[in-house]
$ cat target-v4.txt   # compact mmCIF, C-alpha atoms
# COMPACT_ATOMS: atom_id res chain seq x y z
CA MET W 16 152.63 192.15 251.77
CA ALA W 17 151.64 188.63 252.79
CA LYS W 18 153.80 186.56 255.10
CA PHE W 19 155.61 183.67 253.42
CA ILE W 20 156.61 180.30 254.86
CA GLY W 21 158.68 177.88 252.78
CA ILE W 22 160.26 178.09 249.32
CA ALA W 23 158.15 177.52 246.23
CA GLY W 24 159.17 174.73 243.87
CA ASP W 25 161.38 172.74 246.24
CA PHE W 26 159.20 169.63 246.04
CA MET W 27 159.33 169.51 242.23
CA LYS W 28 163.05 170.32 242.10
CA GLU W 29 163.81 167.50 244.52
CA LYS W 30 161.53 165.14 242.61
CA ALA W 31 163.26 165.99 239.32
CA LEU W 32 166.70 165.46 240.85
CA LYS W 33 165.72 162.07 242.27
CA ARG W 34 164.29 161.02 238.91
CA ARG W 35 167.52 161.95 237.11
CA LEU W 36 169.66 160.12 239.65
CA ASN W 37 167.46 157.01 239.48
CA ALA W 38 167.62 157.04 235.68
CA LEU W 39 171.41 157.30 235.69
CA VAL W 40 171.80 154.59 238.33
CA ALA W 41 169.47 152.24 236.45
CA PHE W 42 171.27 152.83 233.14
CA PHE W 43 174.80 152.33 234.50
CA ALA W 44 173.81 149.37 236.68
CA GLY W 45 172.10 147.67 233.75
CA SER W 46 175.01 148.43 231.45
CA LEU W 47 177.49 147.07 233.98
CA LEU W 48 175.49 143.87 234.33
CA LEU W 49 175.44 143.40 230.56
CA VAL W 50 179.20 143.97 230.34
CA LEU W 51 179.79 141.36 233.03
CA VAL W 52 177.53 138.84 231.30
CA LEU W 53 179.18 139.42 227.92
CA GLY W 54 182.61 139.21 229.53
CA TRP W 55 181.74 135.88 231.13
CA VAL W 56 180.39 134.52 227.85
CA SER W 57 183.49 135.71 225.96
CA GLY W 58 185.71 134.02 228.53
CA TYR W 59 183.69 130.83 228.23
CA LEU W 60 184.01 130.98 224.43
CA TRP W 61 187.78 131.48 224.60
CA ALA W 62 188.20 128.60 227.06
CA ASN W 63 185.98 126.06 225.27
CA ARG W 64 185.88 127.10 221.60
CA SER W 65 182.94 124.84 220.92
CA LEU W 66 179.79 125.26 218.85
CA LEU W 67 177.82 125.57 222.11
CA SER W 68 179.95 128.46 223.32
CA VAL W 69 179.57 130.20 219.94
CA GLY W 70 175.80 129.80 220.17
CA MET W 71 175.82 131.19 223.71
CA THR W 72 177.78 134.23 222.54
CA ILE W 73 175.38 134.92 219.69
CA ALA W 74 172.42 134.55 222.03
CA ALA W 75 173.99 136.86 224.61
CA CYS W 76 174.62 139.52 221.95
CA ALA W 77 171.06 139.14 220.67
CA VAL W 78 169.78 139.85 224.18
CA ALA W 79 172.31 142.58 225.00
CA VAL W 80 171.57 144.90 222.06
CA PRO W 81 167.82 145.35 222.71
CA ALA W 82 168.48 145.46 226.45
CA VAL W 83 170.85 148.41 226.04
CA LYS W 84 168.35 150.15 223.76
CA TYR W 85 165.61 149.62 226.33
CA LEU W 86 167.76 151.08 229.11
CA ASP W 87 168.57 154.06 226.92
CA ARG W 88 164.88 154.71 226.14
CA LEU W 89 163.97 154.31 229.81
CA SER W 90 166.62 156.75 231.03
CA ASP W 91 165.74 159.21 228.26
CA LYS W 92 162.08 159.12 229.29
CA GLN W 93 162.96 159.73 232.94
CA ILE W 94 165.19 162.66 232.04
CA ARG W 95 162.44 164.20 229.88
CA GLU W 96 160.01 163.83 232.81
CA SER W 97 162.53 165.45 235.13
CA ARG W 98 162.79 168.42 232.75
CA LYS W 99 159.02 168.85 232.93
CA GLU W 100 159.20 168.78 236.73
CA GLU W 101 161.99 171.36 236.75
CA LYS W 102 159.90 173.56 234.47
CA GLY W 103 156.96 173.14 236.85
CA ALA W 104 159.16 174.19 239.78
CA ASP W 105 160.22 177.32 237.87
CA GLY W 106 156.55 178.12 237.24
CA GLU W 107 155.74 177.79 240.95
CA ARG W 108 158.52 180.23 241.79
CA ASP W 109 157.49 182.70 239.10
CA PHE W 110 153.95 182.60 240.51
CA VAL W 111 155.14 184.02 243.83
CA LYS W 112 155.37 187.51 242.33
CA PHE W 113 151.57 187.57 242.06
CA LEU W 114 151.18 186.57 245.70
CA LYS W 115 153.20 189.56 246.88
CA ASP W 116 150.16 191.77 246.18
CA LEU W 117 148.25 190.08 249.03
CA PRO W 118 147.79 192.16 252.21
CA ASP W 119 149.73 191.36 255.37
CA THR W 120 146.63 189.73 256.85
CA TYR W 121 147.37 186.68 254.65
CA THR W 122 149.96 183.94 255.08
CA VAL W 123 151.29 181.79 252.23
CA ILE W 124 152.73 178.36 253.03
CA SER W 125 154.59 177.16 249.95
CA ASP W 126 155.43 173.61 248.91
CA LEU W 127 153.38 171.74 251.50
CA ASP W 128 153.78 167.99 251.05
CA PHE W 129 153.39 164.82 253.06
CA ALA W 130 155.45 161.65 252.65
CA ASP W 131 152.35 159.44 252.85
CA SER W 132 150.01 161.59 250.76
CA TYR W 133 149.13 161.94 247.07
CA GLY W 134 151.52 164.82 246.33
CA ASN W 135 152.14 168.40 247.36
CA ILE W 136 150.17 171.63 247.62
CA ASP W 137 152.09 174.32 245.73
CA HIS W 138 150.75 177.15 247.89
CA LEU W 139 148.32 177.23 250.81
CA ILE W 140 146.91 180.70 251.48
CA ILE W 141 145.25 181.42 254.82
CA GLY W 142 143.56 184.73 255.59
CA PRO W 143 140.33 186.43 256.63
CA THR W 144 138.48 185.47 253.43
CA GLY W 145 139.24 181.75 253.72
CA VAL W 146 141.74 178.99 253.04
CA PHE W 147 142.91 178.39 249.47
CA ALA W 148 144.91 175.46 248.07
CA ILE W 149 146.69 176.58 244.91
CA ASP W 150 148.12 174.34 242.22
CA VAL W 151 150.21 176.27 239.68
CA LYS W 152 149.99 175.07 236.08
CA ASP W 153 152.64 176.06 233.54
CA TRP W 154 150.69 174.68 230.59
CA LYS W 155 150.61 176.17 227.11
CA GLY W 156 147.48 176.67 225.01
CA THR W 157 143.83 176.69 226.05
CA VAL W 158 142.25 174.92 229.01
CA ALA W 159 138.54 174.16 229.13
CA SER W 160 136.11 171.91 230.95
CA ASP W 161 135.29 168.54 229.44
CA GLY W 162 131.69 168.82 230.70
CA LYS W 163 132.28 166.03 233.25
CA GLY W 164 134.24 167.95 235.88
CA GLU W 165 137.70 167.46 234.38
CA LEU W 166 139.88 169.51 232.04
CA LEU W 167 140.77 169.56 228.38
CA LEU W 168 144.08 171.02 227.23
CA ASN W 169 143.93 172.24 223.64
CA GLY W 170 140.80 170.14 223.17
CA LYS W 171 142.32 166.89 224.47
CA PRO W 172 142.01 165.12 227.85
CA THR W 173 144.92 165.60 230.24
CA ASP W 174 147.25 162.71 231.07
CA LYS W 175 145.47 162.15 234.41
CA PRO W 176 142.30 163.38 236.17
CA GLN W 177 143.84 166.61 237.38
CA VAL W 178 140.79 167.97 239.20
CA ARG W 179 140.04 164.74 241.05
CA TYR W 180 143.64 164.21 242.11
CA PHE W 181 144.10 167.73 243.44
CA THR W 182 140.72 167.72 245.20
CA ARG W 183 141.70 164.46 246.91
CA ARG W 184 145.02 166.01 247.96
CA THR W 185 143.20 169.02 249.41
CA MET W 186 140.73 166.87 251.33
CA ASP W 187 143.67 164.99 252.80
CA LEU W 188 145.16 168.30 253.93
CA ARG W 189 141.82 169.34 255.44
CA ASP W 190 141.67 166.13 257.47
CA ARG W 191 145.19 166.74 258.79
CA LEU W 192 144.40 170.33 259.76
CA LYS W 193 141.22 169.18 261.48
CA ALA W 194 143.16 166.59 263.49
CA LEU W 195 145.56 169.29 264.73
CA THR W 196 143.10 172.13 265.35
CA LYS W 197 139.67 170.52 265.82
CA LEU W 198 138.51 173.05 263.22
CA GLU W 199 136.80 172.17 259.95
CA PRO W 200 137.87 174.86 257.48
CA TYR W 201 136.52 174.87 253.97
CA ILE W 202 139.49 174.81 251.59
CA GLN W 203 138.88 176.24 248.15
CA CYS W 204 140.79 174.38 245.42
CA VAL W 205 142.30 176.60 242.73
CA PHE W 206 144.26 175.95 239.56
CA ALA W 207 146.32 179.03 238.65
CA PHE W 208 147.52 179.01 235.03
CA MET W 209 150.70 180.88 234.17
CA HIS W 210 150.61 180.88 230.37
CA THR W 211 147.24 179.40 229.48
CA HIS W 212 144.06 180.84 228.04
CA VAL W 213 141.41 179.80 230.57
CA GLU W 214 137.98 178.89 229.20
CA ALA W 215 136.95 176.59 232.08
CA LYS W 216 134.09 178.47 233.73
CA TRP W 217 133.48 178.38 237.46
CA GLY W 218 131.14 175.55 238.38
CA THR W 219 132.20 173.34 235.46
CA THR W 220 135.05 171.69 237.38
CA GLY W 221 133.31 170.79 240.63
CA ASN W 222 134.64 172.50 243.75
CA LEU W 223 137.78 173.65 241.96
CA ASN W 224 138.08 177.00 240.20
CA CYS W 225 140.40 177.78 237.29
CA ILE W 226 141.92 181.26 237.03
CA ARG W 227 144.83 183.07 235.43
CA ALA W 228 147.85 183.52 237.67
CA ASP W 229 147.54 187.31 237.63
CA GLN W 230 144.00 187.04 239.04
CA ILE W 231 145.06 185.36 242.28
CA SER W 232 145.21 188.44 244.51
CA ASP W 233 141.76 189.71 243.54
CA TYR W 234 140.34 186.19 243.72
CA VAL W 235 141.65 185.50 247.23
CA THR W 236 140.81 188.86 248.78
CA LYS W 237 137.26 188.98 247.41
CA PRO W 238 134.87 188.89 250.41
CA ARG W 239 132.93 185.64 250.74
CA ALA W 240 129.79 185.39 252.83
CA ASN W 241 129.88 181.59 253.08
CA ASN W 242 133.45 180.75 254.11
CA PRO W 243 135.05 183.52 256.18
CA ILE W 244 137.43 182.46 258.95
CA PRO W 245 136.91 183.79 262.49
CA PRO W 246 139.97 185.91 263.38
CA ALA W 247 140.84 183.66 266.33
CA ASP W 248 141.05 180.60 264.05
CA ILE W 249 143.54 182.06 261.58
CA PRO W 250 146.70 181.71 263.74
CA ARG W 251 145.65 178.19 264.75
CA LEU W 252 145.35 177.10 261.12
CA ILE W 253 148.64 178.77 260.19
CA SER W 254 150.40 177.08 263.10
CA ALA W 255 148.97 173.69 262.12
CA ALA W 256 149.96 174.09 258.44
CA LYS W 257 153.44 175.21 259.46
CA SER W 258 153.74 172.17 261.73
CA LEU W 259 152.70 169.85 258.89
CA LYS W 260 155.32 171.39 256.61
CA GLU W 261 158.08 171.15 259.23
CA ASN W 262 157.22 167.53 260.00
CA ALA W 263 157.26 166.71 256.28
CA VAL W 264 160.74 168.24 255.95
CA THR W 265 161.96 166.33 259.00
CA THR W 266 160.62 162.95 257.87
CA GLY W 267 161.07 163.38 254.11

$ encode --input "target-v4.txt" --output "C-alpha cells"
Amino acid sequence: MAKFIGIAGDFMKEKALKRRLNALVAFFAGSLLLVLVLGWVSGYLWANRSLLSVGMTIAACAVAVPAVKYLDRLSDKQIRESRKEEKGADGERDFVKFLKDLPDTYTVISDLDFADSYGNIDHLIIGPTGVFAIDVKDWKGTVASDGKGELLLNGKPTDKPQVRYFTRRTMDLRDRLKALTKLEPYIQCVFAFMHTHVEAKWGTTGNLNCIRADQISDYVTKPRANNPIPPADIPRLISAAKSLKENAVTTG
C-alpha cells in the first residue's frame, strides 16, 4: 500500500468552518448594530415627541427591515456554500479508499495548500511513473469538454474555469518544488470524479485529464515513457512536498 502524509479534506473542512463562523459573526454584529440604532431613535422619539423624531423613527424602520433581510440572505448563502465545502471534504476522504490500491513505491501527500497560493491540491502522488496532482470532484451528472479546454457539467459551463484554475495551482506547486530541489518535474493534472459520468476525452482539456475515481490506481501506475522519475529524485520530491505541507500548517 502507498505511504500517506496528511489527512484528506482538512482544508475544505476548515474553510467551511471559517465561512460559517464569519456568516454568524456578520449576522449578529449587523443585527446588534441595528438594535442599537433603533434603540437610540426610540429614545430620541420618547424624549422629544416631535414630528421630526417620528419621521426619523419611520425612516430607521424603513432601513432596518431590508437590512435585516439582506443579512439573513447573506448568512444563508454563506452557510449553503459551507455545506458544499463540507460535502467536498467528505468526497476527498472517500476518495482515499481508491488510493490504497497503489503499491508501496508511491507516496500520497493529502491536502497540500499554501497561504499565498490559489487554493489547495487535494492529493499529490509521487512515484516511479511520475508526479500527479489530483483534484477530487464530487459532482453529479455528466461532465464533458466544452471544446475550448474547459468543462461542461450537464451541458452547462461550470461556475468558474476549473481547468485553468487547477492548472495554475499545479504550476505554482511545480515552481515551489523546483525552488527546493532544483528539479523540474512534470506534474500531471488530474480531475477524479466520484459520482460523475465522464465524457471529457483526454486531450480535450489541455494538460489535464479527467477520469473516474476508481480508475486512479491504474492511471497512476501505467508506465509512461515521457515522464518517469529517476529513483534518486523521488525521495527529494517527497521531502520537498512534505516540507511545503508542514510550513503551510505552521503558517496557516

$ atom_distance --input "target-v4.txt" --atom1 "atom CA of W:Thr211" --atom2 "atom CA of W:Thr120"
29.3 Å

$ atom_distance --input "target-v4.txt" --atom1 "atom CA of W:Leu139" --atom2 "atom CA of W:Leu259"
11.8 Å

$ closest_residue --input "target-v4.txt" --among "W:Ile124, W:Ala255, W:Val213, W:Ile22" --to "W:Ile140" --atoms "all atoms listed in the file"
W:Ile124

$ atom_distance --input "target-v4.txt" --atom1 "atom CA of W:Ile226" --atom2 "atom CA of W:Phe208"
6.4 Å

$ residues_around --input "target-v4.txt" --residues "stretch 165-173 of chain W" --least-positions-apart "2" --cutoff "9 Å" --atoms "only C-alpha atoms" --output "VMD selection string"
chain W and resid 154 to 163 175 to 179 215 219 to 221
